[in-house]
>>> print(open('my_file37.tsv').read())   # TSV, C-alpha atoms (C1' of nucleotides)
chain	number	residue	atom	x	y	z
E	8	MET	CA	21.86	11.90	-1.48
E	9	ARG	CA	20.23	10.84	-4.73
E	10	GLY	CA	20.43	14.15	-6.54
E	11	GLY	CA	19.76	16.03	-3.33
E	12	ASN	CA	16.07	16.46	-4.15
E	13	MET	CA	14.33	14.97	-1.16
E	14	LYS	CA	10.92	16.42	-1.85
E	15	LEU	CA	7.80	14.48	-2.59
E	16	SER	CA	5.03	16.14	-4.54
E	17	SER	CA	1.85	16.68	-2.58
E	18	GLU	CA	0.24	14.17	-4.91
E	19	GLN	CA	2.79	11.59	-3.87
E	20	GLN	CA	2.36	12.45	-0.20
E	21	GLU	CA	-1.36	12.06	-0.45
E	22	ILE	CA	-1.07	8.63	-2.02
E	23	ILE	CA	1.42	7.55	0.61
E	24	GLU	CA	-1.05	8.48	3.31
E	25	ARG	CA	-3.86	6.64	1.56
E	26	ILE	CA	-1.77	3.53	1.15
E	27	GLY	CA	-0.80	3.99	4.77
E	28	VAL	CA	-4.37	3.85	5.98
E	29	PHE	CA	-5.12	0.95	3.66
E	30	PHE	CA	-2.50	-1.18	5.37
E	31	GLU	CA	-3.29	0.23	8.77
E	32	ARG	CA	-6.86	-0.98	8.39
E	33	LYS	CA	-5.51	-4.39	7.55
E	34	GLY	CA	-4.11	-4.46	11.06
E	35	HIS	CA	-0.57	-3.31	10.35
E	36	GLN	CA	1.09	-0.46	12.13
E	37	PRO	CA	1.03	2.93	10.43
E	38	ILE	CA	4.63	3.34	9.26
E	39	LEU	CA	4.63	-0.04	7.53
E	40	GLY	CA	2.01	1.16	5.11
E	41	ARG	CA	3.73	4.48	4.58
E	42	ILE	CA	6.99	2.82	3.76
E	43	MET	CA	5.21	0.62	1.26
E	44	GLY	CA	3.54	3.70	-0.15
E	45	LEU	CA	6.85	5.51	-0.41
E	46	LEU	CA	8.49	2.63	-2.25
E	47	LEU	CA	5.58	2.50	-4.65
E	48	VAL	CA	5.66	6.17	-5.38
E	49	LEU	CA	9.38	6.74	-5.86
E	50	GLU	CA	10.50	6.56	-9.47
E	51	GLU	CA	13.45	4.42	-8.46
E	52	ALA	CA	11.11	2.14	-6.50
E	53	GLU	CA	13.79	1.83	-3.85
E	54	ALA	CA	15.26	3.89	-1.06
E	55	THR	CA	18.01	3.75	1.51
E	56	PHE	CA	17.46	3.67	5.23
E	57	ASP	CA	18.00	7.38	5.69
E	58	GLU	CA	16.07	8.35	2.60
E	59	ILE	CA	13.09	6.57	4.10
E	60	GLN	CA	13.74	8.34	7.38
E	61	GLU	CA	13.93	11.70	5.73
E	62	TYR	CA	11.01	11.31	3.32
E	63	LEU	CA	8.68	10.18	6.07
E	64	SER	CA	10.32	12.17	8.85
E	65	VAL	CA	10.30	9.41	11.42
E	66	SER	CA	12.97	8.22	13.78
E	67	LYS	CA	15.75	5.78	12.97
E	68	SER	CA	14.35	3.18	15.32
E	69	ALA	CA	10.93	3.40	13.74
E	70	VAL	CA	12.45	2.81	10.32
E	71	SER	CA	14.63	0.00	11.59
E	72	ASN	CA	11.79	-1.83	13.27
E	73	ALA	CA	9.44	-1.31	10.37
E	74	LEU	CA	11.98	-2.59	7.84
E	75	THR	CA	12.76	-5.62	9.96
E	76	LEU	CA	9.08	-6.42	10.16
E	77	LEU	CA	8.44	-5.84	6.48
E	78	GLN	CA	11.32	-8.10	5.62
E	79	SER	CA	10.11	-10.80	7.97
E	80	GLN	CA	6.74	-10.56	6.25
E	81	ASN	CA	8.42	-10.93	2.89
E	82	LYS	CA	7.09	-7.61	1.73
E	83	VAL	CA	10.42	-5.86	1.41
E	84	GLU	CA	13.95	-6.91	0.50
E	85	TYR	CA	17.16	-5.04	-0.03
E	86	THR	CA	20.01	-5.03	-2.47
E	87	THR	CA	23.40	-3.46	-2.13
E	88	LYS	CA	25.51	-1.72	-4.72
E	89	PRO	CA	29.19	-2.46	-5.34
E	90	GLY	CA	31.44	-0.26	-3.25
E	91	GLU	CA	28.56	0.97	-1.11
E	92	ARG	CA	27.57	-0.10	2.36
E	93	LYS	CA	24.05	1.27	2.20
E	94	ARG	CA	21.14	-1.04	1.71
E	95	TYR	CA	18.60	-0.23	-0.99
E	96	PHE	CA	15.21	-1.33	0.19
E	97	ARG	CA	12.46	-2.19	-2.26
E	98	LEU	CA	9.12	-3.91	-2.38
E	99	LYS	CA	8.96	-7.57	-3.28
E	100	VAL	CA	6.14	-6.88	-5.68
E	101	ARG	CA	6.46	-10.33	-7.20
E	102	ASN	CA	5.15	-11.77	-3.94
E	103	TRP	CA	2.01	-9.73	-3.94
E	104	ARG	CA	-0.12	-12.14	-5.85
E	105	ASN	CA	0.81	-14.74	-3.32
E	106	ASP	CA	0.09	-12.40	-0.44
E	107	MET	CA	-3.31	-11.73	-1.89
E	108	GLN	CA	-4.05	-15.42	-2.15
E	109	GLU	CA	-3.02	-15.80	1.47
E	110	ASP	CA	-5.30	-12.96	2.44
E	111	MET	CA	-8.15	-14.80	0.77
E	112	GLN	CA	-7.23	-18.04	2.51
E	113	GLY	CA	-7.25	-16.00	5.71
E	114	ILE	CA	-10.87	-15.08	5.12
E	115	PHE	CA	-11.68	-18.75	4.68
E	116	ARG	CA	-10.05	-19.70	7.96
E	117	ILE	CA	-13.31	-18.98	9.73
E	118	ASN	CA	-14.31	-22.37	8.38
E	119	ALA	CA	-11.99	-24.30	10.70
E	120	LEU	CA	-13.50	-22.44	13.64
E	121	LEU	CA	-17.03	-23.15	12.47
E	122	LYS	CA	-16.16	-26.81	12.18
E	123	ASP	CA	-15.18	-26.82	15.84
E	124	VAL	CA	-18.27	-24.86	16.73
E	125	MET	CA	-20.46	-27.43	15.03
E	126	ALA	CA	-18.70	-30.21	16.89
E	127	THR	CA	-19.86	-28.72	20.18
E	128	ARG	CA	-23.45	-28.07	19.10
E	129	SER	CA	-26.27	-30.52	19.62
E	130	ALA	CA	-29.04	-31.10	17.10
E	131	SER	CA	-31.48	-29.08	19.16
E	132	ASN	CA	-31.43	-25.95	17.02
E	133	MET	CA	-31.50	-27.21	13.49
E	134	GLU	CA	-32.60	-23.95	11.97
E	135	PHE	CA	-29.46	-22.26	13.16
E	136	ASN	CA	-27.24	-25.23	12.49
E	137	ARG	CA	-28.48	-25.37	8.94
E	138	CYS	CA	-27.52	-21.73	8.41
E	139	ILE	CA	-24.01	-22.36	9.57
E	140	GLN	CA	-23.74	-25.47	7.43
E	141	ASP	CA	-24.89	-23.57	4.37
E	142	PHE	CA	-22.24	-20.99	4.98
E	143	GLN	CA	-19.62	-23.66	5.47
E	144	GLN	CA	-20.61	-25.26	2.22
E	145	PHE	CA	-20.18	-21.95	0.48
E	146	ILE	CA	-16.69	-21.53	1.91
E	147	GLU	CA	-15.76	-25.05	0.89
E	148	PHE	CA	-16.86	-24.28	-2.61
E	149	MET	CA	-14.82	-21.10	-2.77
E	150	LYS	CA	-11.80	-22.80	-1.31
E	151	VAL	CA	-11.90	-25.38	-4.06
E	152	GLU	CA	-12.71	-23.02	-6.91
E	153	MET	CA	-10.30	-20.24	-6.09
E	154	PRO	CA	-7.15	-22.18	-6.98
E	155	LYS	CA	-8.79	-23.28	-10.22
E	156	LEU	CA	-9.45	-19.66	-11.03
E	157	ILE	CA	-5.83	-18.80	-10.45
E	158	GLU	CA	-4.73	-21.66	-12.67
E	159	LYS	CA	-7.04	-20.36	-15.33
E	160	TYR	CA	-5.46	-16.95	-15.07
E	161	ASP	CA	-2.00	-18.38	-15.42
E	162	ARG	CA	-3.03	-20.40	-18.41
E	163	LEU	CA	-4.34	-17.26	-20.08
E	164	HIS	CA	-1.39	-15.01	-19.28
E	165	ASN	CA	1.80	-16.63	-18.09
E	166	SER	CA	2.00	-19.76	-20.18
O	11	MET	CA	-32.43	-16.68	33.85
O	12	ARG	CA	-32.75	-19.32	31.14
O	13	GLY	CA	-32.74	-22.39	33.36
O	14	GLY	CA	-30.32	-20.76	35.75
O	15	ASN	CA	-27.35	-22.63	34.30
O	16	MET	CA	-25.00	-19.86	33.25
O	17	LYS	CA	-21.94	-22.03	32.80
O	18	LEU	CA	-20.12	-22.57	29.57
O	19	SER	CA	-18.11	-25.75	29.11
O	20	SER	CA	-14.38	-25.22	28.86
O	21	GLU	CA	-14.66	-26.40	25.26
O	22	GLN	CA	-17.12	-23.62	24.57
O	23	GLN	CA	-14.96	-21.08	26.35
O	24	GLU	CA	-11.95	-22.09	24.33
O	25	ILE	CA	-13.81	-21.70	21.06
O	26	ILE	CA	-15.12	-18.32	22.11
O	27	GLU	CA	-11.58	-17.15	22.74
O	28	ARG	CA	-10.40	-18.48	19.40
O	29	ILE	CA	-13.21	-16.80	17.57
O	30	GLY	CA	-12.38	-13.72	19.60
O	31	VAL	CA	-8.82	-13.58	18.36
O	32	PHE	CA	-9.94	-14.35	14.82
O	33	PHE	CA	-12.04	-11.21	14.74
O	34	GLU	CA	-9.54	-9.24	16.75
O	35	ARG	CA	-6.95	-9.93	14.08
O	36	LYS	CA	-9.38	-8.65	11.51
O	37	GLY	CA	-9.11	-5.30	13.25
O	38	HIS	CA	-12.17	-5.49	15.49
O	39	GLN	CA	-12.09	-4.91	19.20
O	40	PRO	CA	-11.84	-7.97	21.43
O	41	ILE	CA	-15.34	-8.18	22.91
O	42	LEU	CA	-16.98	-8.03	19.50
O	43	GLY	CA	-15.42	-11.34	18.55
O	44	ARG	CA	-16.23	-12.91	21.88
O	45	ILE	CA	-19.85	-11.94	21.61
O	46	MET	CA	-19.98	-13.48	18.16
O	47	GLY	CA	-18.32	-16.57	19.55
O	48	LEU	CA	-20.81	-16.76	22.39
O	49	LEU	CA	-23.77	-16.48	20.06
O	50	LEU	CA	-22.31	-19.21	17.89
O	51	VAL	CA	-21.73	-21.56	20.75
O	52	LEU	CA	-24.97	-21.23	22.67
O	53	GLU	CA	-27.53	-23.87	21.76
O	54	GLU	CA	-30.24	-21.22	21.58
O	55	ALA	CA	-27.99	-19.11	19.34
O	56	GLU	CA	-29.23	-16.05	21.12
O	57	ALA	CA	-28.76	-14.28	24.42
O	58	THR	CA	-30.07	-11.32	26.35
O	59	PHE	CA	-28.02	-8.31	27.30
O	60	ASP	CA	-27.31	-9.55	30.80
O	61	GLU	CA	-26.69	-13.11	29.74
O	62	ILE	CA	-23.95	-11.80	27.50
O	63	GLN	CA	-22.65	-9.71	30.36
O	64	GLU	CA	-22.60	-12.65	32.71
O	65	TYR	CA	-21.24	-15.26	30.30
O	66	LEU	CA	-18.36	-13.03	29.29
O	67	SER	CA	-18.04	-11.19	32.63
O	68	VAL	CA	-17.66	-7.76	31.15
O	69	SER	CA	-19.28	-4.48	32.08
O	70	LYS	CA	-22.65	-3.25	30.94
O	71	SER	CA	-21.11	-0.43	28.99
O	72	ALA	CA	-18.81	-2.79	27.16
O	73	VAL	CA	-21.77	-4.97	26.16
O	74	SER	CA	-23.86	-1.98	25.18
O	75	ASN	CA	-21.18	-0.46	22.99
O	76	ALA	CA	-20.27	-3.77	21.43
O	77	LEU	CA	-23.87	-4.61	20.59
O	78	THR	CA	-24.46	-1.18	19.12
O	79	LEU	CA	-21.41	-1.63	16.94
O	80	LEU	CA	-22.27	-5.16	15.89
O	81	GLN	CA	-25.75	-4.04	14.94
O	82	SER	CA	-24.40	-1.10	12.97
O	83	GLN	CA	-22.17	-3.56	11.14
O	84	ASN	CA	-25.16	-5.75	10.41
O	85	LYS	CA	-23.62	-8.66	12.23
O	86	VAL	CA	-26.17	-8.87	15.02
O	87	GLU	CA	-29.87	-8.19	15.35
O	88	TYR	CA	-32.38	-8.66	18.10
O	89	THR	CA	-35.87	-9.96	18.50
O	90	THR	CA	-38.24	-9.53	21.38
O	91	LYS	CA	-40.68	-11.99	22.85
O	92	PRO	CA	-44.33	-11.19	23.59
O	93	GLY	CA	-44.78	-9.90	27.09
O	94	GLU	CA	-41.04	-9.46	27.64
O	95	ARG	CA	-39.01	-6.32	27.49
O	96	LYS	CA	-35.67	-8.00	27.07
O	97	ARG	CA	-33.97	-8.07	23.73
O	98	TYR	CA	-32.72	-11.38	22.41
O	99	PHE	CA	-29.57	-10.78	20.43
O	100	ARG	CA	-28.50	-13.14	17.73
O	101	LEU	CA	-26.13	-13.33	14.80
O	102	LYS	CA	-27.35	-12.38	11.36
O	103	VAL	CA	-25.77	-15.50	9.92
O	104	ARG	CA	-27.61	-15.03	6.67
O	105	ASN	CA	-25.50	-11.95	6.01
O	106	TRP	CA	-22.21	-13.75	6.36
O	107	ARG	CA	-21.85	-14.78	2.76
O	108	ASN	CA	-22.29	-11.18	1.85
O	109	ASP	CA	-19.80	-10.07	4.48
O	110	MET	CA	-17.29	-12.50	3.08
O	111	GLN	CA	-17.79	-11.16	-0.42
O	112	GLU	CA	-17.23	-7.68	0.93
O	113	ASP	CA	-14.07	-8.82	2.67
O	114	MET	CA	-12.82	-10.09	-0.66
O	115	GLN	CA	-13.76	-6.85	-2.40
O	116	GLY	CA	-11.80	-5.15	0.38
O	117	ILE	CA	-8.69	-7.05	-0.61
O	118	PHE	CA	-9.15	-5.89	-4.17
O	119	ARG	CA	-9.42	-2.26	-3.16
O	120	ILE	CA	-5.65	-2.00	-3.35
O	121	ASN	CA	-6.27	-1.80	-7.08
O	122	ALA	CA	-7.77	1.67	-6.93
O	123	LEU	CA	-4.73	2.86	-5.02
O	124	LEU	CA	-2.37	1.27	-7.52
O	125	LYS	CA	-4.22	2.99	-10.30
O	126	ASP	CA	-3.50	6.32	-8.66
O	127	VAL	CA	0.08	5.30	-8.03
O	128	MET	CA	0.55	4.51	-11.70
O	129	ALA	CA	-0.92	7.87	-12.63
O	130	THR	CA	1.91	9.60	-10.79
O	131	ARG	CA	4.71	7.41	-12.15
O	132	SER	CA	6.73	8.27	-15.24
O	133	ALA	CA	7.86	5.68	-17.77
O	134	SER	CA	11.39	5.79	-16.42
O	135	ASN	CA	11.26	2.53	-14.49
O	136	MET	CA	9.48	0.15	-16.77
O	137	GLU	CA	10.63	-2.98	-15.02
O	138	PHE	CA	8.89	-1.94	-11.85
O	139	ASN	CA	5.89	-0.47	-13.63
O	140	ARG	CA	5.40	-3.73	-15.47
O	141	CYS	CA	5.32	-5.66	-12.20
O	142	ILE	CA	2.62	-3.44	-10.82
O	143	GLN	CA	0.64	-3.65	-14.03
O	144	ASP	CA	0.83	-7.44	-13.98
O	145	PHE	CA	-0.52	-7.44	-10.47
O	146	GLN	CA	-3.28	-5.06	-11.42
O	147	GLN	CA	-4.23	-7.28	-14.29
O	148	PHE	CA	-4.49	-10.21	-11.91
O	149	ILE	CA	-6.77	-8.27	-9.59
O	150	GLU	CA	-8.95	-7.19	-12.48
O	151	PHE	CA	-9.30	-10.79	-13.50
O	152	MET	CA	-10.26	-11.87	-10.00
O	153	LYS	CA	-12.70	-9.03	-9.66
O	154	VAL	CA	-14.49	-10.14	-12.80
O	155	GLU	CA	-14.39	-13.87	-12.14
O	156	MET	CA	-15.36	-13.84	-8.49
O	157	PRO	CA	-18.98	-12.83	-9.08
O	158	LYS	CA	-19.25	-15.47	-11.77
O	159	LEU	CA	-18.07	-18.04	-9.30
O	160	ILE	CA	-20.72	-16.99	-6.83
O	161	GLU	CA	-23.37	-17.20	-9.51
O	162	LYS	CA	-22.17	-20.66	-10.30
O	163	TYR	CA	-22.52	-21.64	-6.67
O	164	ASP	CA	-26.03	-20.33	-6.51
O	165	ARG	CA	-26.96	-22.17	-9.66
O	166	LEU	CA	-25.70	-25.41	-8.13
O	167	HIS	CA	-27.28	-25.00	-4.72
O	168	ASN	CA	-29.96	-22.39	-4.29
O	169	SER	CA	-31.89	-22.65	-7.51
U	12	DA	C1'	-46.37	8.34	41.99
U	13	DT	C1'	-42.48	5.70	42.63
U	14	DT	C1'	-39.87	1.52	41.66
U	15	DT	C1'	-37.95	-1.70	38.64
U	16	DT	C1'	-36.14	-3.24	34.38
U	17	DG	C1'	-33.27	-2.89	30.47
U	18	DG	C1'	-30.31	-0.61	28.69
U	19	DT	C1'	-27.25	3.98	27.36
U	20	DT	C1'	-23.92	7.59	28.13
U	21	DC	C1'	-20.15	9.83	30.30
U	22	DT	C1'	-15.86	10.10	32.74
U	23	DC	C1'	-11.85	8.08	34.05
U	24	DT	C1'	-8.41	4.25	34.53
U	25	DT	C1'	-5.87	0.55	32.54
U	26	DT	C1'	-3.64	-1.48	28.78
U	27	DT	C1'	-1.69	-1.59	24.38
U	28	DT	C1'	0.40	0.52	20.48
U	29	DT	C1'	3.38	3.46	18.33
U	30	DA	C1'	7.15	6.06	18.05
U	31	DT	C1'	11.20	8.72	20.02
U	32	DG	C1'	15.99	9.52	21.27
U	33	DA	C1'	20.03	8.04	23.23
U	34	DA	C1'	23.24	4.46	23.79
U	35	DC	C1'	25.26	0.77	21.47
U	36	DT	C1'	27.52	-2.26	17.79
U	37	DA	C1'	29.81	-3.96	13.81
U	38	DA	C1'	32.21	-2.96	9.75
U	39	DC	C1'	35.03	-0.17	7.34
U	40	DA	C1'	37.99	4.18	6.63
U	41	DA	C1'	41.63	7.50	7.72
M	12	DT	C1'	44.02	4.25	16.96
M	13	DT	C1'	40.29	7.10	16.28
M	14	DG	C1'	36.50	8.24	13.58
M	15	DT	C1'	32.56	7.41	10.53
M	16	DT	C1'	28.82	5.04	8.44
M	17	DA	C1'	24.81	2.25	8.69
M	18	DG	C1'	22.11	0.57	11.14
M	19	DT	C1'	20.05	-2.00	15.97
M	20	DT	C1'	18.44	-2.13	20.64
M	21	DC	C1'	16.62	-0.40	24.78
M	22	DA	C1'	14.19	2.56	27.96
M	23	DT	C1'	10.66	5.31	27.98
M	24	DA	C1'	7.18	9.01	26.50
M	25	DA	C1'	3.04	10.00	24.03
M	26	DA	C1'	-1.14	8.65	22.13
M	27	DA	C1'	-4.87	5.64	21.16
M	28	DA	C1'	-7.94	1.82	22.31
M	29	DA	C1'	-10.55	-0.93	25.51
M	30	DG	C1'	-13.18	-1.39	29.24
M	31	DA	C1'	-15.08	-0.31	34.12
M	32	DG	C1'	-18.45	1.85	36.96
M	33	DA	C1'	-21.48	5.24	38.20
M	34	DA	C1'	-24.95	8.32	36.78
M	35	DC	C1'	-28.55	8.62	33.88
M	36	DC	C1'	-32.97	7.78	31.15
M	37	DA	C1'	-37.30	5.90	29.20
M	38	DA	C1'	-40.80	2.50	29.38
M	39	DA	C1'	-43.32	-0.57	32.00
M	40	DA	C1'	-44.88	-2.52	36.49
M	41	DT	C1'	-46.59	-1.83	41.08
>>> encode(input="my_file37.tsv", output="structure tokens")
Amino acid sequence: MRGGNMKLSSEQQEIIERIGVFFERKGHQPILGRIMGLLLVLEEAEATFDEIQEYLSVSKSAVSNALTLLQSQNKVEYTTKPGERKRYFRLKVRNWRNDMQEDMQGIFRINALLKDVMATRSASNMEFNRCIQDFQQFIEFMKVEMPKLIEKYDRLHNS
Amino acid sequence: MRGGNMKLSSEQQEIIERIGVFFERKGHQPILGRIMGLLLVLEEAEATFDEIQEYLSVSKSAVSNALTLLQSQNKVEYTTKPGERKRYFRLKVRNWRNDMQEDMQGIFRINALLKDVMATRSASNMEFNRCIQDFQQFIEFMKVEMPKLIEKYDRLHNS
DNA sequence: ATTTTGGTTCTCTTTTTTATGAACTAACAA
DNA sequence: TTGTTAGTTCATAAAAAAGAGAACCAAAAT
């Protein structure tokens, strides 16, 4: 398999683990992050099912479930090569900017909850209410300005 | 205790649960989010240890640990009232804008990892490398522009 | 001095998550 | 037909997280 050299440098292993914990802390399960790390670190930027299994030394089922999940989350895709049945899995890096924007939108989703909170609150504690409203206003502002910022970036770089 | 009416409306309960899952999905443990929800929903915007226990019907230890954690995360603080030993716990709403900024910085932290990834990669797969670099550039841009945006907000509102 | 209040800490159970390994399947190969 | 490759699915084990409850402790009240 692929030149027979299945060894990762300790540098690479370390980065894989770090990327692993990064995604773990985002609420994903451990192997997901490690697979992403692996696919980032490999020169080819892709790997087959059993390469992933061997590099990370995890079970087939773990790999299978993780890949299914990553694909359903649009983080990974696969290509095939003519005459081969194996799938070559790789990161959908092009989606990452989008993912990041979604992550930011996710942060802002507290706003919908706060709106409902405010709907249940009376006017009896205006000091507190005012605090919440200020925060909401800030979120609103960011929610409006963020897309503009992204447009600006695209104008500067991709146009 | 506090007028003796320890009942939350079903509306309030529902919001507490929703806020609960919101924070749970951010990687926090369930009661943390529910306590935050409770403190958002109560008219007084504060509650004593045993009010929290009773409203949420959880154990003393759960409340104690959760409050300790929330305080260590700067999400909750307490005040006392003259002649009373009880602590009145409340949200540090004023910190939320800051928390949100930190959450956004957290999203950007992938950049440091990508920097280390790139340091290990050779020039052999430029197509992939380019993708990563583009993404990094985008993050850099956001990291620079975000503080400016916040300044802008402050200029418009708080000055 | 001893009781009560307001919590904290420790141990243990329950629940949830994560991963394993074996059995299974679908497609192709000999 | 029988075997092989490339995975998937299922039952379950192992490990981690969450929470309960009792014992505990320090400050204040009686």
>>> interface_residues(input="my_file37.tsv", of="chain E", to="chain O", cutoff="8 Å", atoms="only C-alpha atoms", output="count of residues only")
42
>>> atom_distance(input="my_file37.tsv", atom1="C1' of DT19 (chain U)", atom2="CA of Leu77 (chain O)")
11.4 Å
>>> residues_around(input="my_file37.tsv", residues="DC39 (chain U)", least_positions_apart="4", cutoff="12 Å", atoms="all atoms listed in the file", output="list in words")
Gly90, Glu91 and Arg92 of chain E; DG14, DT15, DT16 and DA17 of chain M
>>> closest_atom_pairs(input="my_file37.tsv", of="chain O", to="chain U", cutoff="9 Å", atoms="only C-alpha atoms (C1' of nucleotides)", output="JSON lines")
{"residue": "O:Phe59", "atom": "CA", "partner": "U:DG18", "partner_atom": "C1'", "distance": 8.2}
{"residue": "O:Asp60", "atom": "CA", "partner": "U:DG17", "partner_atom": "C1'", "distance": 8.9}
{"residue": "O:Lys70", "atom": "CA", "partner": "U:DG18", "partner_atom": "C1'", "distance": 8.4}
{"residue": "O:Ser71", "atom": "CA", "partner": "U:DT19", "partner_atom": "C1'", "distance": 7.7}
{"residue": "O:Ser74", "atom": "CA", "partner": "U:DT19", "partner_atom": "C1'", "distance": 7.2}
{"residue": "O:Asn75", "atom": "CA", "partner": "U:DT19", "partner_atom": "C1'", "distance": 8.7}
{"residue": "O:Arg95", "atom": "CA", "partner": "U:DG17", "partner_atom": "C1'", "distance": 7.3}
{"residue": "O:Lys96", "atom": "CA", "partner": "U:DG17", "partner_atom": "C1'", "distance": 6.6}
{"residue": "O:Arg97", "atom": "CA", "partner": "U:DG17", "partner_atom": "C1'", "distance": 8.5}
>>> write_last_selection(input="my_file37.tsv", atoms="C-alpha atoms", output="CSV table (one decimal), in the coordinates of the input")
chain,number,residue,atom,x,y,z
O,59,PHE,CA,-28.0,-8.3,27.3
O,60,ASP,CA,-27.3,-9.6,30.8
O,70,LYS,CA,-22.6,-3.2,30.9
O,71,SER,CA,-21.1,-0.4,29.0
O,74,SER,CA,-23.9,-2.0,25.2
O,75,ASN,CA,-21.2,-0.5,23.0
O,95,ARG,CA,-39.0,-6.3,27.5
O,96,LYS,CA,-35.7,-8.0,27.1
O,97,ARG,CA,-34.0,-8.1,23.7
>>> closest_atom_pairs(input="my_file37.tsv", of="chain O", to="chain M", cutoff="10 Å", atoms="only C-alpha atoms (C1' of nucleotides)", output="JSON lines")
{"residue": "O:Gln39", "atom": "CA", "partner": "M:DA29", "partner_atom": "C1'", "distance": 7.6}
{"residue": "O:Pro40", "atom": "CA", "partner": "M:DA29", "partner_atom": "C1'", "distance": 8.2}
{"residue": "O:Ile41", "atom": "CA", "partner": "M:DA29", "partner_atom": "C1'", "distance": 9.1}
{"residue": "O:Val68", "atom": "CA", "partner": "M:DG30", "partner_atom": "C1'", "distance": 8.0}
{"residue": "O:Ser69", "atom": "CA", "partner": "M:DA31", "partner_atom": "C1'", "distance": 6.3}
{"residue": "O:Lys70", "atom": "CA", "partner": "M:DA31", "partner_atom": "C1'", "distance": 8.7}
{"residue": "O:Ser71", "atom": "CA", "partner": "M:DA31", "partner_atom": "C1'", "distance": 7.9}
{"residue": "O:Ala72", "atom": "CA", "partner": "M:DG30", "partner_atom": "C1'", "distance": 6.2}
{"residue": "O:Val73", "atom": "CA", "partner": "M:DG30", "partner_atom": "C1'", "distance": 9.8}
{"residue": "O:Arg95", "atom": "CA", "partner": "M:DA39", "partner_atom": "C1'", "distance": 8.5}
>>> atom_distance(input="my_file37.tsv", atom1="CA of Lys85 (chain O)", atom2="CA of Glu150 (chain O)")
28.8 Å
>>> atom_distance(input="my_file37.tsv", atom1="CA of Glu112 (chain O)", atom2="CA of Val154 (chain O)")
14.2 Å
>>> closest_residue(input="my_file37.tsv", among="E:Arg41, E:Ala119, E:Val83, E:Gln78", to="Glu21 (chain E)", atoms="only C-alpha atoms")
E:Arg41
>>> decode(input="my_file37.tsv", residues="region 119-123 of chain E", atoms="all heavy atoms", output="CSV table (one decimal), in the first residue's frame")
chain,number,residue,atom,x,y,z
E,119,ALA,N,-31.8,34.2,19.3
E,119,ALA,CA,-33.2,33.7,19.2
E,119,ALA,C,-33.7,33.3,20.6
E,119,ALA,O,-34.9,33.5,20.9
E,119,ALA,CB,-33.3,32.5,18.2
E,120,LEU,N,-32.9,32.6,21.4
E,120,LEU,CA,-33.3,32.2,22.7
E,120,LEU,C,-33.5,33.4,23.6
E,120,LEU,O,-34.5,33.5,24.3
E,120,LEU,CB,-32.2,31.3,23.3
E,120,LEU,CG,-31.9,30.0,22.6
E,120,LEU,CD1,-30.7,29.3,23.3
E,120,LEU,CD2,-33.1,29.1,22.7
E,121,LEU,N,-32.7,34.4,23.5
E,121,LEU,CA,-32.8,35.6,24.3
E,121,LEU,C,-34.1,36.3,23.9
E,121,LEU,O,-34.8,36.9,24.8
E,121,LEU,CB,-31.6,36.5,24.1
E,121,LEU,CG,-30.3,36.0,24.8
E,121,LEU,CD1,-29.2,37.0,24.5
E,121,LEU,CD2,-30.5,35.8,26.3
E,122,LYS,N,-34.4,36.3,22.7
E,122,LYS,CA,-35.7,36.9,22.2
E,122,LYS,C,-36.9,36.2,23.0
E,122,LYS,O,-37.7,36.9,23.5
E,122,LYS,CB,-35.9,36.7,20.7
E,122,LYS,CG,-36.6,37.9,20.1
E,122,LYS,CD,-36.6,37.8,18.6
E,122,LYS,CE,-37.9,38.1,17.9
E,122,LYS,NZ,-38.8,36.9,17.7
E,123,ASP,N,-36.9,34.9,23.0
E,123,ASP,CA,-37.9,34.2,23.7
E,123,ASP,C,-37.9,34.5,25.2
E,123,ASP,O,-38.9,34.6,25.9
E,123,ASP,CB,-37.8,32.7,23.4
E,123,ASP,CG,-38.1,32.4,22.0
E,123,ASP,OD1,-38.7,33.3,21.3
E,123,ASP,OD2,-37.8,31.3,21.5
